[in-house]
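This is protein_30.cif (mmCIF, C-alpha atoms).
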data_structure
#
loop_
_atom_site.label_atom_id
_atom_site.label_comp_id
_atom_site.auth_asym_id
_atom_site.auth_seq_id
_atom_site.Cartn_x
_atom_site.Cartn_y
_atom_site.Cartn_z
CA MET A 1 1.39 15.83 -9.06
CA LYS A 2 1.06 15.35 -12.81
CA LEU A 3 2.97 14.02 -15.79
CA ILE A 4 2.33 15.95 -18.99
CA CYS A 5 3.47 14.44 -22.28
CA THR A 6 5.45 17.12 -24.13
CA ALA A 7 6.68 14.89 -26.96
CA GLY A 8 6.04 11.39 -28.27
CA LEU A 9 2.92 9.26 -28.56
CA PHE A 10 0.41 11.43 -26.66
CA PRO A 11 1.38 15.14 -26.88
CA ASN A 12 -0.24 17.38 -24.23
CA LYS A 13 -1.93 14.44 -22.48
CA SER A 14 -1.93 14.77 -18.69
CA TYR A 15 -1.61 11.92 -16.16
CA ASP A 16 -2.32 12.25 -12.43
CA VAL A 17 0.45 10.95 -10.15
CA PHE A 18 -0.58 10.04 -6.60
CA PRO A 19 1.39 8.26 -3.86
CA PRO A 20 2.56 5.53 -3.81
CA GLY A 21 3.23 6.11 -7.52
CA ILE A 22 2.65 4.88 -11.08
CA SER A 23 4.27 2.51 -13.56
CA ILE A 24 5.15 3.09 -17.23
CA GLY A 25 5.63 0.40 -19.84
CA ARG A 26 4.31 -1.54 -22.81
CA GLU A 27 2.10 -4.01 -20.91
CA ASP A 28 -1.59 -3.27 -20.34
CA ASP A 29 -1.37 -3.45 -16.54
CA ASN A 30 0.90 -0.36 -16.37
CA ASP A 31 -0.64 2.96 -15.33
CA ILE A 32 0.77 4.62 -18.46
CA VAL A 33 0.82 2.25 -21.45
CA LEU A 34 3.20 3.15 -24.31
CA ARG A 35 2.99 1.05 -27.50
CA ASP A 36 6.56 1.83 -28.49
CA GLU A 37 9.22 -0.68 -29.55
CA GLU A 38 11.79 1.34 -27.58
CA VAL A 39 9.80 0.84 -24.36
CA SER A 40 10.19 -2.31 -22.24
CA ARG A 41 7.24 -4.29 -20.88
CA TYR A 42 7.77 -2.73 -17.44
CA HIS A 43 10.04 0.19 -18.18
CA ALA A 44 9.91 2.70 -15.31
CA LYS A 45 8.22 3.58 -12.03
CA ILE A 46 7.63 6.94 -10.39
CA GLU A 47 7.23 6.54 -6.63
CA TYR A 48 6.82 8.70 -3.53
CA HIS A 49 8.88 7.82 -0.47
CA ASP A 50 9.83 9.75 2.69
CA GLY A 51 8.71 13.10 1.30
CA LEU A 52 10.47 12.80 -2.08
CA TRP A 53 9.50 11.65 -5.58
CA TYR A 54 11.76 9.17 -7.38
CA VAL A 55 11.92 7.69 -10.87
CA HIS A 56 13.23 4.11 -11.11
CA ASP A 57 14.54 2.32 -14.19
CA MET A 58 13.00 -1.19 -14.00
CA ASN A 59 15.95 -2.82 -15.85
CA SER A 60 14.65 -1.51 -19.17
CA SER A 61 16.46 -2.12 -22.46
CA ASN A 62 16.90 1.53 -23.42
CA GLY A 63 17.02 3.24 -20.04
CA VAL A 64 15.31 6.29 -18.55
CA LEU A 65 16.49 9.87 -19.08
CA VAL A 66 15.88 12.77 -16.69
CA ASN A 67 16.53 16.15 -18.31
CA MET A 68 18.20 14.24 -21.19
CA LYS A 69 20.68 12.47 -18.88
CA LYS A 70 20.44 8.71 -18.47
CA ILE A 71 19.85 7.69 -14.84
CA ASP A 72 21.59 4.88 -13.01
CA GLN A 73 18.67 2.80 -11.65
CA SER A 74 17.02 5.68 -9.71
CA ALA A 75 16.95 9.46 -9.47
CA THR A 76 15.00 12.04 -7.47
CA LEU A 77 12.45 14.17 -9.32
CA SER A 78 11.75 17.88 -8.95
CA VAL A 79 8.93 19.95 -10.40
CA GLN A 80 9.57 20.72 -14.11
CA ASP A 81 11.97 17.81 -14.63
CA ASP A 82 11.61 16.03 -17.99
CA VAL A 83 11.44 12.23 -17.97
CA LYS A 84 12.12 10.43 -21.27
CA VAL A 85 10.81 6.89 -21.78
CA GLY A 86 11.28 5.53 -25.29
CA LYS A 87 10.12 8.18 -27.76
CA SER A 88 7.96 9.97 -25.20
CA VAL A 89 8.96 12.87 -22.93
CA PHE A 90 6.92 13.73 -19.82
CA ARG A 91 7.11 16.95 -17.80
CA PHE A 92 6.81 16.29 -14.02
CA THR A 93 4.73 19.15 -12.59
CA ASP A 94 2.49 20.06 -9.70
CA ASP A 95 -1.29 20.23 -9.88
CA SER A 96 -1.27 23.88 -10.91
CA GLY A 97 -0.26 22.85 -14.41
CA LEU A 98 2.72 23.17 -16.72
CA ILE A 99 5.02 26.14 -16.13
CA GLN A 100 6.81 27.19 -19.27
CA ARG A 101 10.60 26.94 -19.33
CA GLU A 102 10.82 30.49 -20.59
CA GLU A 103 9.12 31.78 -17.45
CA LYS A 104 11.51 29.82 -15.25
CA SER A 105 14.55 31.25 -17.01
CA GLY A 106 13.37 34.77 -16.21
CA GLY A 107 13.87 36.02 -19.80
CA GLY A 108 12.23 39.39 -20.48
CA VAL A 109 10.83 41.11 -23.60
CA SER A 110 11.79 44.62 -24.60
CA GLY A 111 11.60 46.93 -27.63
CA ASP A 112 9.53 45.25 -30.33
CA GLY A 113 8.45 42.80 -27.68
CA SER A 114 6.24 45.42 -26.03
CA LYS A 115 4.50 46.08 -29.35
CA GLN A 116 4.00 42.35 -29.73
CA LYS A 117 2.50 42.22 -26.25
CA ALA A 118 0.06 45.01 -27.09
CA ARG A 119 -0.92 43.32 -30.35
CA LEU A 120 -1.53 40.05 -28.50
CA VAL A 121 -3.69 41.87 -25.95
CA ARG A 122 -5.83 43.41 -28.72
CA LEU A 123 -6.19 40.04 -30.41
CA ALA A 124 -7.20 38.42 -27.12
CA LEU A 125 -9.85 41.09 -26.46
CA ALA A 126 -11.23 40.74 -29.96
CA GLY A 127 -11.31 36.96 -29.69
CA GLY A 128 -13.04 37.14 -26.33
CA LEU A 129 -15.71 39.50 -27.68
CA ALA A 130 -16.34 37.22 -30.66
CA LEU A 131 -16.67 34.22 -28.38
CA LEU A 132 -19.13 36.10 -26.15
CA ILE A 133 -21.32 36.94 -29.16
CA VAL A 134 -21.32 33.30 -30.30
CA LEU A 135 -22.30 32.11 -26.80
CA VAL A 136 -25.19 34.61 -26.64
CA VAL A 137 -26.50 33.47 -30.04
CA VAL A 138 -26.29 29.82 -29.06
CA ALA A 139 -28.09 30.51 -25.77
CA LEU A 140 -30.93 32.32 -27.62
CA VAL A 141 -31.35 29.45 -30.09
CA LEU A 142 -31.47 26.88 -27.30
CA THR A 143 -34.00 29.00 -25.37
CA GLN A 144 -36.29 29.30 -28.40
CA LYS A 145 -36.22 25.57 -29.03
CA GLN A 146 -36.73 24.91 -25.31
CA ALA A 147 -34.34 22.05 -25.77
CA VAL A 148 -33.34 20.28 -22.64
CA ALA A 149 -30.27 18.11 -22.83
CA PRO A 150 -30.78 14.67 -21.37
CA PRO A 151 -28.91 14.12 -18.11
CA ALA A 152 -25.63 12.29 -18.40
CA PRO A 153 -25.94 8.68 -17.36
CA ALA A 154 -24.85 8.16 -13.77
CA VAL A 155 -21.62 6.26 -13.33
CA ASP A 156 -21.91 3.33 -10.94
CA LEU A 157 -18.61 3.77 -9.08
CA MET A 158 -19.06 0.66 -6.98
CA ALA A 159 -19.73 -1.60 -9.98
CA LEU A 160 -16.73 -0.13 -11.75
CA ALA A 161 -14.49 -0.59 -8.71
CA ALA A 162 -15.63 -4.20 -8.22
CA GLU A 163 -13.96 -5.18 -11.50
CA HIS A 164 -10.46 -4.20 -10.33
CA PRO A 165 -8.09 -5.06 -7.46
CA MET A 166 -7.82 -2.48 -4.68
CA GLU A 167 -4.66 -0.46 -4.08
CA LEU A 168 -4.17 1.45 -0.86
CA TYR A 169 -1.65 3.83 0.66
CA PHE A 170 -2.02 5.57 4.01
CA GLU A 171 0.49 7.68 5.89
CA LYS A 172 0.32 9.63 9.15
CA VAL A 173 3.24 11.83 10.24
CA SER A 174 3.36 13.63 13.61
CA THR A 175 6.23 15.90 14.65
CA ASP A 176 6.74 18.38 17.48
CA VAL A 177 9.35 19.19 20.13
CA ASP A 178 9.11 15.76 21.80
CA ARG A 179 7.69 13.55 19.06
CA ALA A 180 8.76 12.31 15.62
CA PHE A 181 6.40 9.55 14.51
CA ARG A 182 5.50 8.06 11.15
CA TYR A 183 2.93 5.32 10.49
CA ALA A 184 2.45 4.08 6.94
CA LEU A 185 0.77 1.15 5.28
CA GLN A 186 0.51 0.02 1.69
CA LEU A 187 -1.69 -2.64 0.12
CA LYS A 188 -0.74 -3.85 -3.31
CA GLU A 189 -2.47 -6.91 -4.70
CA ARG A 190 -2.61 -9.08 -1.55
CA GLU A 191 0.47 -7.89 0.33
CA LEU A 192 -0.04 -5.40 3.16
CA THR A 193 3.13 -3.66 4.39
CA VAL A 194 3.05 -1.66 7.63
CA THR A 195 5.90 0.62 8.69
CA VAL A 196 6.34 2.51 11.96
CA ASP A 197 9.20 4.93 12.67
CA ASP A 198 9.28 6.37 16.18
CA ALA A 199 12.52 8.29 16.71
CA VAL A 200 11.77 9.38 20.27
CA ASN A 201 11.02 5.87 21.54
CA ASP A 202 13.75 4.18 19.51
CA THR A 203 11.22 2.03 17.64
CA ARG A 204 11.26 0.83 14.06
CA ILE A 205 8.69 -1.72 12.87
CA GLU A 206 8.12 -3.22 9.45
CA GLU A 207 5.52 -5.97 9.16
CA LYS A 208 4.04 -7.74 6.13
CA LEU A 209 0.77 -9.64 5.86
CA ASN A 210 -0.66 -11.67 2.98
CA VAL A 211 -4.31 -10.67 3.04
CA ASP A 212 -6.79 -13.50 2.46
CA ASP A 213 -10.13 -13.28 0.61
CA GLU A 214 -12.19 -12.59 3.72
CA GLN A 215 -9.88 -9.82 4.95
CA LEU A 216 -9.73 -8.26 1.50
CA ARG A 217 -13.52 -8.31 1.22
CA HIS A 218 -13.76 -6.59 4.63
CA LEU A 219 -11.35 -3.81 3.59
CA ARG A 220 -13.10 -3.26 0.26
CA GLU A 221 -16.53 -2.98 1.94
CA LYS A 222 -15.22 -0.43 4.44
CA LEU A 223 -13.01 1.66 2.15
CA LEU A 224 -14.49 1.55 -1.35
CA THR A 225 -17.58 3.51 -0.35
CA PRO A 226 -19.35 6.21 -2.39
CA THR A 227 -18.68 8.77 0.35
CA LEU A 228 -14.95 8.17 0.52
CA LEU A 229 -14.57 7.94 -3.27
CA THR A 230 -16.36 11.26 -3.90
CA ASP A 231 -15.13 13.37 -0.96
CA GLU A 232 -12.87 16.27 -1.85
CA VAL A 233 -10.52 16.75 1.08
CA MET A 234 -7.36 18.78 0.66
CA ILE A 235 -6.98 20.83 3.85
CA ARG A 236 -3.78 22.60 4.77
CA GLU A 237 -3.55 25.15 7.54
CA GLY A 238 -0.69 27.44 8.48
CA ARG A 239 2.53 26.33 10.12
CA ARG A 240 2.67 25.90 13.87
CA GLN A 241 5.05 24.48 16.43
CA GLY A 242 4.13 20.90 15.60
CA SER A 243 2.89 19.23 12.46
CA GLU A 244 0.18 16.62 11.86
CA ARG A 245 -0.35 15.21 8.39
CA SER A 246 -2.60 12.39 7.22
CA ARG A 247 -3.14 11.27 3.67
CA LEU A 248 -4.94 8.38 2.07
CA LEU A 249 -4.94 7.04 -1.48
CA VAL A 250 -7.49 4.36 -2.31
CA ARG A 251 -7.95 3.09 -5.84
CA ALA A 252 -9.59 0.24 -7.76
CA GLY A 253 -8.76 0.57 -11.45
CA PRO A 254 -10.11 3.91 -12.75
CA VAL A 255 -12.01 4.59 -9.51
CA GLY A 256 -10.22 6.19 -6.59
CA ASN A 257 -9.55 9.21 -4.40
CA TYR A 258 -6.65 11.00 -2.73
CA LEU A 259 -7.34 12.76 0.58
CA VAL A 260 -4.90 15.01 2.44
CA VAL A 261 -5.27 16.76 5.79
CA GLU A 262 -2.47 18.79 7.33
CA ASN A 263 -2.61 20.59 10.69
CA SER A 264 -6.39 20.39 10.85
CA VAL A 265 -9.24 18.27 12.20
CA ILE A 266 -9.69 15.08 10.15
CA PRO A 267 -13.05 15.02 8.30
CA GLU A 268 -15.49 12.24 9.15
CA SER A 269 -15.02 10.17 5.97
CA LEU A 270 -11.25 10.08 6.37
CA GLU A 271 -11.48 9.46 10.12
CA GLU A 272 -13.70 6.41 9.56
CA ALA A 273 -11.28 5.02 6.97
CA VAL A 274 -8.31 5.55 9.30
CA ASP A 275 -10.16 3.78 12.15
CA VAL A 276 -10.88 0.78 9.90
CA LEU A 277 -7.24 0.52 8.82
CA SER A 278 -5.67 1.04 12.26
CA GLN A 279 -8.01 -1.46 13.95
CA PHE A 280 -7.38 -4.03 11.21
CA VAL A 281 -3.59 -3.69 11.50
CA GLN A 282 -3.70 -3.73 15.32
CA GLN A 283 -5.84 -6.88 15.31
CA GLU A 284 -3.87 -8.77 12.64
CA LEU A 285 -0.31 -7.61 13.34
CA GLY A 286 -0.39 -6.04 16.81
CA VAL A 287 0.97 -2.74 15.44
CA PHE A 288 -0.43 0.50 16.87
CA ALA A 289 -1.08 3.65 14.84
CA GLU A 290 0.04 5.90 17.70
CA ALA A 291 3.44 6.48 19.28
CA VAL A 292 3.99 4.14 22.23
CA PRO A 293 6.54 5.10 24.93
CA ARG A 294 9.59 2.84 25.12
CA GLU A 295 8.74 1.75 28.67
CA GLU A 296 5.29 0.62 27.54
CA VAL A 297 6.74 -1.26 24.55
CA LEU A 298 9.12 -3.13 26.87
CA GLU A 299 6.33 -3.85 29.35
CA ARG A 300 4.05 -5.30 26.66
CA ALA A 301 6.90 -7.32 25.14
CA GLU A 302 7.77 -8.84 28.52
CA GLU A 303 4.11 -9.81 29.04
CA PHE A 304 4.13 -11.63 25.68
CA TYR A 305 7.46 -13.28 26.58
CA LEU A 306 6.25 -14.62 29.94
CA ASN A 307 2.93 -15.77 28.46
CA ALA A 308 4.77 -17.59 25.65
CA ILE A 309 6.88 -19.47 28.19
CA ARG A 310 3.71 -20.54 30.03
CA LEU A 311 2.04 -21.70 26.79
CA GLU A 312 5.10 -23.69 25.75
CA LYS A 313 5.07 -25.56 29.08
CA GLU A 314 1.36 -26.33 28.68
CA ALA A 315 1.73 -27.66 25.11
CA VAL A 316 1.64 -31.23 26.45
CA VAL A 317 -1.94 -30.65 27.61
CA GLU A 318 -3.07 -28.51 24.66
CA PRO A 319 -1.00 -29.09 21.44
CA SER A 320 -2.00 -25.74 19.88
CA ASN A 321 -0.23 -23.92 22.75
CA LEU A 322 3.15 -24.60 21.15
CA TYR A 323 2.15 -22.70 18.02
CA ASN A 324 0.68 -19.87 20.11
CA ALA A 325 3.93 -19.73 22.10
CA ILE A 326 5.85 -19.30 18.84
CA LEU A 327 3.59 -16.38 17.94
CA GLY A 328 4.29 -14.82 21.35
CA TYR A 329 8.07 -15.14 20.96
CA ARG A 330 7.83 -13.75 17.43
CA HIS A 331 5.89 -10.74 18.69
CA VAL A 332 8.66 -10.00 21.20
CA VAL A 333 11.40 -10.35 18.58
CA GLU A 334 9.62 -8.22 15.97
CA ARG A 335 8.87 -5.40 18.43
CA LEU A 336 12.33 -5.22 19.99
CA LYS A 337 14.73 -6.09 17.16
CA TRP A 338 14.93 -2.44 16.08
CA MET A 339 15.93 -1.17 19.52
CA ALA A 340 19.58 -0.28 19.98
CA ASP A 341 19.47 -1.14 23.70
CA LYS A 342 17.56 -4.44 23.92
CA PRO A 343 16.40 -5.98 27.22
CA ALA A 344 17.95 -9.20 28.56
CA PHE A 345 14.92 -11.36 27.69
CA TYR A 346 15.15 -10.48 23.96
CA GLN A 347 17.90 -13.00 23.13
CA ASP A 348 16.19 -15.67 25.19
CA ALA A 349 13.00 -15.09 23.20
CA VAL A 350 14.97 -15.52 19.95
CA GLU A 351 16.42 -18.84 21.09
CA ARG A 352 13.15 -20.14 22.51
CA MET A 353 11.32 -19.27 19.27
CA ALA A 354 13.88 -21.23 17.20
CA GLN A 355 13.61 -24.27 19.52
CA ALA A 356 9.80 -24.17 19.55
CA ASN A 357 9.69 -23.92 15.75
CA GLN A 358 11.97 -26.93 15.50
CA SER A 359 9.84 -28.94 17.95
CA LEU A 360 6.63 -28.06 16.08
CA GLN A 361 8.05 -28.96 12.68
CA SER A 362 9.46 -32.23 14.03
CA ALA A 363 6.06 -33.20 15.46
CA ILE A 364 4.31 -32.35 12.16
CA ASP A 365 6.84 -34.31 10.09
CA SER A 366 6.37 -37.34 12.37
CA LEU A 367 2.57 -37.21 12.08
CA ARG A 368 2.72 -36.82 8.30
CA LYS A 369 5.13 -39.74 8.00
CA GLU A 370 2.75 -41.91 10.04
CA ALA A 371 -0.16 -40.83 7.84
CA VAL A 372 1.73 -41.86 4.69
CA THR A 373 2.53 -45.24 6.22
CA TYR A 374 -1.11 -45.88 7.20
CA ARG A 375 -2.33 -44.99 3.71
CA HIS A 376 0.18 -47.33 2.08
CA THR A 377 -0.90 -50.18 4.40
CA GLY A 378 -4.60 -49.68 3.62
CA GLN A 379 -5.61 -47.88 6.81
CA PRO A 380 -6.96 -44.53 5.53
CA GLN A 381 -8.96 -43.76 8.67
CA MET A 382 -5.81 -43.96 10.84
CA ALA A 383 -4.00 -41.73 8.31
CA LYS A 384 -6.84 -39.20 8.56
CA THR A 385 -6.57 -39.20 12.36
CA ARG A 386 -2.86 -38.30 12.15
CA LEU A 387 -3.56 -35.44 9.74
CA GLN A 388 -6.34 -34.11 11.97
CA LYS A 389 -3.81 -33.90 14.81
CA ILE A 390 -1.78 -31.51 12.61
CA LEU A 391 -4.88 -29.31 12.28
CA GLY A 392 -5.22 -29.32 16.07
CA MET A 393 -1.61 -28.20 16.52
CA ILE A 394 -1.88 -25.14 14.26
CA PRO A 395 -4.96 -22.93 14.85
CA ASP A 396 -4.40 -20.93 11.65
CA ASN A 397 -6.37 -21.82 8.51
CA ARG A 398 -3.87 -19.91 6.33
CA HIS A 399 -0.80 -21.84 7.51
CA PRO A 400 0.79 -23.93 4.70
CA GLU A 401 0.88 -27.07 6.87
CA VAL A 402 -2.85 -26.72 7.60
CA ILE A 403 -3.70 -26.22 3.93
CA LYS A 404 -1.63 -29.27 2.99
CA ALA A 405 -3.16 -31.46 5.71
CA ARG A 406 -6.71 -30.47 4.72
CA SER A 407 -5.98 -31.30 1.11
CA GLU A 408 -4.74 -34.75 2.12
CA ILE A 409 -7.80 -35.32 4.33
CA MET A 410 -10.09 -34.45 1.42
CA SER A 411 -8.19 -36.96 -0.71
CA ILE A 412 -8.70 -39.66 1.93
CA ASP A 413 -12.41 -38.82 2.19
CA ARG A 414 -12.77 -39.33 -1.57
CA GLU A 415 -11.05 -42.72 -1.25
CA LEU A 416 -13.39 -43.76 1.57
CA ARG A 417 -16.48 -42.74 -0.45
CA ASN A 418 -15.33 -44.78 -3.42
#

This entry written out as structure tokens:
Amino acid sequence: MKLICTAGLFPNKSYDVFPPGISIGREDDNDIVLRDEEVSRYHAKIEYHDGLWYVHDMNSSNGVLVNMKKIDQSATLSVQDDVKVGKSVFRFTDDSGLIQREEKSGGGVSGDGSKQKARLVRLALAGGLALLIVLVVVALVLTQKQAVAPPAPAVDLMALAAEHPMELYFEKVSTDVDRAFRYALQLKERELTVTVDDAVNDTRIEEKLNVDDEQLRHLREKLLTPTLLTDEVMIREGRRQGSERSRLLVRAGPVGNYLVVENSVIPESLEEAVDVLSQFVQQELGVFAEAVPREEVLERAEEFYLNAIRLEKEAVVEPSNLYNAILGYRHVVERLKWMADKPAFYQDAVERMAQANQSLQSAIDSLRKEAVTYRHTGQPQMAKTRLQKILGMIPDNRHPEVIKARSEIMSIDRELRN
């Protein structure tokens, strides 16, 4: 899709609009920057969701107009709608370009109009002939001079992409007589959101993950590749009984690509990218990119539930088991909370998770209180031992309690060195 400025600051300028969407405003980090006193810092967003395009007013001072009518927070967009932001008007159109309003209205030309058409045709033919003559003359001059234009400098896509944060949107939709499945993920800044809708198996999942530096580096290395950034994939085959659609948007500043495959075999570059994403999400969040039958979901959830109970009982021997048990209960709750008909062990998992969380937090608070006391009484090494026990209880370097404990240990180490 495209936005074409029909009035305002940049007449006739065209902007590409890819899922998940673009932002418009006065600040430099917007996709479309408008230096206009009538435009707010973050004025509007155009976003794609569930097969439709929407325009959102981001609490701007002067509002957003669609076809000269002010919207109330959000409105759906159709091809040829006009969106007014400040002094600028943008025509929302498909990739084929701007269709004139006159053609849409179906107005015809008769009488003198036919003479005008003929005159325009003659002018066009004459202009085309003149242009052809000019091109021939220019070609002859260049041939005589044997001038060879220097090749355009190659653009280093990877160096350009490295200067900007990566944005990512992937969606796979599968529908047929016995399947209605949607898997989507979006990475913006450091937040990864994964959504699964499986109507047949009564499953709805929405998970979020704050991606750390190492994970982000892994995704950039696998997805911001020259092959994926330069591939041109837009394959659509005819309708059939079922439908399979995959699309991927990957972008880092001005560098990016948008790949779409519908009812066809996925090309190698897109298949590799999808494998990277699905394996990453499965490993980090336990969410699968394929439809899983309800019976299998329940079976896996019960396995996690029983294993969590075992780990909780063994926490006396291995302190980290309590934290791992919490993760197991959480997995059960997150997978089953969307089901209308939940199994009996679901509620027990909810209650056990709350109790285990409380026990873990109580143990951490007690250890931290002891550490503070030891530091105040001049026993830093004993304080450090208490903080190290917190690290042993939570095998997750990204957990806030672990980060806090490590910071305090580093502070103690500095004291001991001095």

Distance of CA of Asp213 (chain A) from CA of Ala159 (chain A), expressed in Å to one decimal place |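 So the two atoms, CA of Ala159 (chain A) and CA of Asp213 (chain A), lie 18.5 Å apart.
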
Residues at most 12 Å from Lys389 (chain A), counting all atoms listed in the file, excluding those fewer than 6 positions away in the same chain, as a list in words?
-> Glu318, Pro319, Ser320, Ala363, Ile364, Asp365, Ser366, Leu367, Arg368, Glu370, Ala371, Met382, Ala383, Pro395, Glu401, Val402, Ala405, Arg406 and Ile409 of chain A

Determine, counting all atoms listed in the file, which protein, DNA and RNA residues have an atom within 9 Å of an atom of region 188-203 of chain A; residues of the same chain fewer than 4 positions away are not included. Present the result as number ranges by chain.
-> A: 165-169, 178-184, 207-213, 216, 281, 285, 287-289, 291-295, 297, 335-341

Got a sec to resolve the PyMOL selection byres ((chain A and resi 326) around 12) on this structure and send the residues as a PDB file with C-alpha atoms, in the frame of the given file?
ATOM      1  CA  PHE A 304       4.130 -11.630  25.680  1.00  0.00           C
ATOM      2  CA  TYR A 305       7.460 -13.280  26.580  1.00  0.00           C
ATOM      3  CA  ASN A 307       2.930 -15.770  28.460  1.00  0.00           C
ATOM      4  CA  ALA A 308       4.770 -17.590  25.650  1.00  0.00           C
ATOM      5  CA  ILE A 309       6.880 -19.470  28.190  1.00  0.00           C
ATOM      6  CA  ARG A 310       3.710 -20.540  30.030  1.00  0.00           C
ATOM      7  CA  LEU A 311       2.040 -21.700  26.790  1.00  0.00           C
ATOM      8  CA  GLU A 312       5.100 -23.690  25.750  1.00  0.00           C
ATOM      9  CA  ALA A 315       1.730 -27.660  25.110  1.00  0.00           C
ATOM     10  CA  SER A 320      -2.000 -25.740  19.880  1.00  0.00           C
ATOM     11  CA  ASN A 321      -0.230 -23.920  22.750  1.00  0.00           C
ATOM     12  CA  LEU A 322       3.150 -24.600  21.150  1.00  0.00           C
ATOM     13  CA  TYR A 323       2.150 -22.700  18.020  1.00  0.00           C
ATOM     14  CA  ASN A 324       0.680 -19.870  20.110  1.00  0.00           C
ATOM     15  CA  ALA A 325       3.930 -19.730  22.100  1.00  0.00           C
ATOM     16  CA  LEU A 327       3.590 -16.380  17.940  1.00  0.00           C
ATOM     17  CA  GLY A 328       4.290 -14.820  21.350  1.00  0.00           C
ATOM     18  CA  TYR A 329       8.070 -15.140  20.960  1.00  0.00           C
ATOM     19  CA  ARG A 330       7.830 -13.750  17.430  1.00  0.00           C
ATOM     20  CA  HIS A 331       5.890 -10.740  18.690  1.00  0.00           C
ATOM     21  CA  VAL A 332       8.660 -10.000  21.200  1.00  0.00           C
ATOM     22  CA  VAL A 333      11.400 -10.350  18.580  1.00  0.00           C
ATOM     23  CA  ALA A 349      13.000 -15.090  23.200  1.00  0.00           C
ATOM     24  CA  VAL A 350      14.970 -15.520  19.950  1.00  0.00           C
ATOM     25  CA  GLU A 351      16.420 -18.840  21.090  1.00  0.00           C
ATOM     26  CA  ARG A 352      13.150 -20.140  22.510  1.00  0.00           C
ATOM     27  CA  MET A 353      11.320 -19.270  19.270  1.00  0.00           C
ATOM     28  CA  ALA A 354      13.880 -21.230  17.200  1.00  0.00           C
ATOM     29  CA  GLN A 355      13.610 -24.270  19.520  1.00  0.00           C
ATOM     30  CA  ALA A 356       9.800 -24.170  19.550  1.00  0.00           C
ATOM     31  CA  ASN A 357       9.690 -23.920  15.750  1.00  0.00           C
ATOM     32  CA  GLN A 358      11.970 -26.930  15.500  1.00  0.00           C
ATOM     33  CA  SER A 359       9.840 -28.940  17.950  1.00  0.00           C
ATOM     34  CA  LEU A 360       6.630 -28.060  16.080  1.00  0.00           C
ATOM     35  CA  GLN A 361       8.050 -28.960  12.680  1.00  0.00           C
ATOM     36  CA  MET A 393      -1.610 -28.200  16.520  1.00  0.00           C
ATOM     37  CA  ILE A 394      -1.880 -25.140  14.260  1.00  0.00           C
TER      38      ILE A 394
END

To one decimal place, how far is CA of Ile390 (chain A) from CA of Ile403 (chain A) in Å?
->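 Between CA of Ile390 (chain A) and CA of Ile403 (chain A) the gap works out to 10.3 Å.
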
Reconstruct region 67-79 of chain A at the level of N, CA and C atoms, and format the result as a JSON list (two decimals), in the frame of the given file.
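Okay, rebuild_37.json is ready:
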[["chain", "number", "residue", "atom", "x", "y", "z"],
["A", 67, "ASN", "N", 15.92, 14.94, -17.73],
["A", 67, "ASN", "CA", 16.53, 16.15, -18.31],
["A", 67, "ASN", "C", 17.65, 15.77, -19.29],
["A", 68, "MET", "N", 17.34, 14.73, -20.11],
["A", 68, "MET", "CA", 18.20, 14.24, -21.19],
["A", 68, "MET", "C", 19.48, 13.57, -20.70],
["A", 69, "LYS", "N", 19.55, 13.22, -19.42],
["A", 69, "LYS", "CA", 20.68, 12.47, -18.88],
["A", 69, "LYS", "C", 20.20, 11.12, -18.39],
["A", 70, "LYS", "N", 20.85, 10.06, -18.83],
["A", 70, "LYS", "CA", 20.44, 8.71, -18.47],
["A", 70, "LYS", "C", 20.71, 8.47, -16.98],
["A", 71, "ILE", "N", 19.71, 7.92, -16.27],
["A", 71, "ILE", "CA", 19.85, 7.69, -14.84],
["A", 71, "ILE", "C", 20.45, 6.32, -14.59],
["A", 72, "ASP", "N", 21.04, 6.16, -13.43],
["A", 72, "ASP", "CA", 21.59, 4.88, -13.01],
["A", 72, "ASP", "C", 20.63, 4.26, -11.99],
["A", 73, "GLN", "N", 19.69, 3.48, -12.45],
["A", 73, "GLN", "CA", 18.67, 2.80, -11.65],
["A", 73, "GLN", "C", 17.61, 3.75, -11.09],
["A", 74, "SER", "N", 18.01, 4.78, -10.32],
["A", 74, "SER", "CA", 17.02, 5.68, -9.71],
["A", 74, "SER", "C", 17.55, 7.10, -9.67],
["A", 75, "ALA", "N", 16.60, 8.05, -9.61],
["A", 75, "ALA", "CA", 16.95, 9.46, -9.47],
["A", 75, "ALA", "C", 15.77, 10.19, -8.83],
["A", 76, "THR", "N", 16.07, 11.23, -8.05],
["A", 76, "THR", "CA", 15.00, 12.04, -7.47],
["A", 76, "THR", "C", 14.41, 12.95, -8.55],
["A", 77, "LEU", "N", 13.13, 13.30, -8.36],
["A", 77, "LEU", "CA", 12.45, 14.17, -9.32],
["A", 77, "LEU", "C", 12.05, 15.48, -8.65],
["A", 78, "SER", "N", 12.21, 16.57, -9.40],
["A", 78, "SER", "CA", 11.75, 17.88, -8.95],
["A", 78, "SER", "C", 10.73, 18.39, -9.96],
["A", 79, "VAL", "N", 9.92, 19.35, -9.51],
["A", 79, "VAL", "CA", 8.93, 19.95, -10.40],
["A", 79, "VAL", "C", 9.63, 20.54, -11.63]]
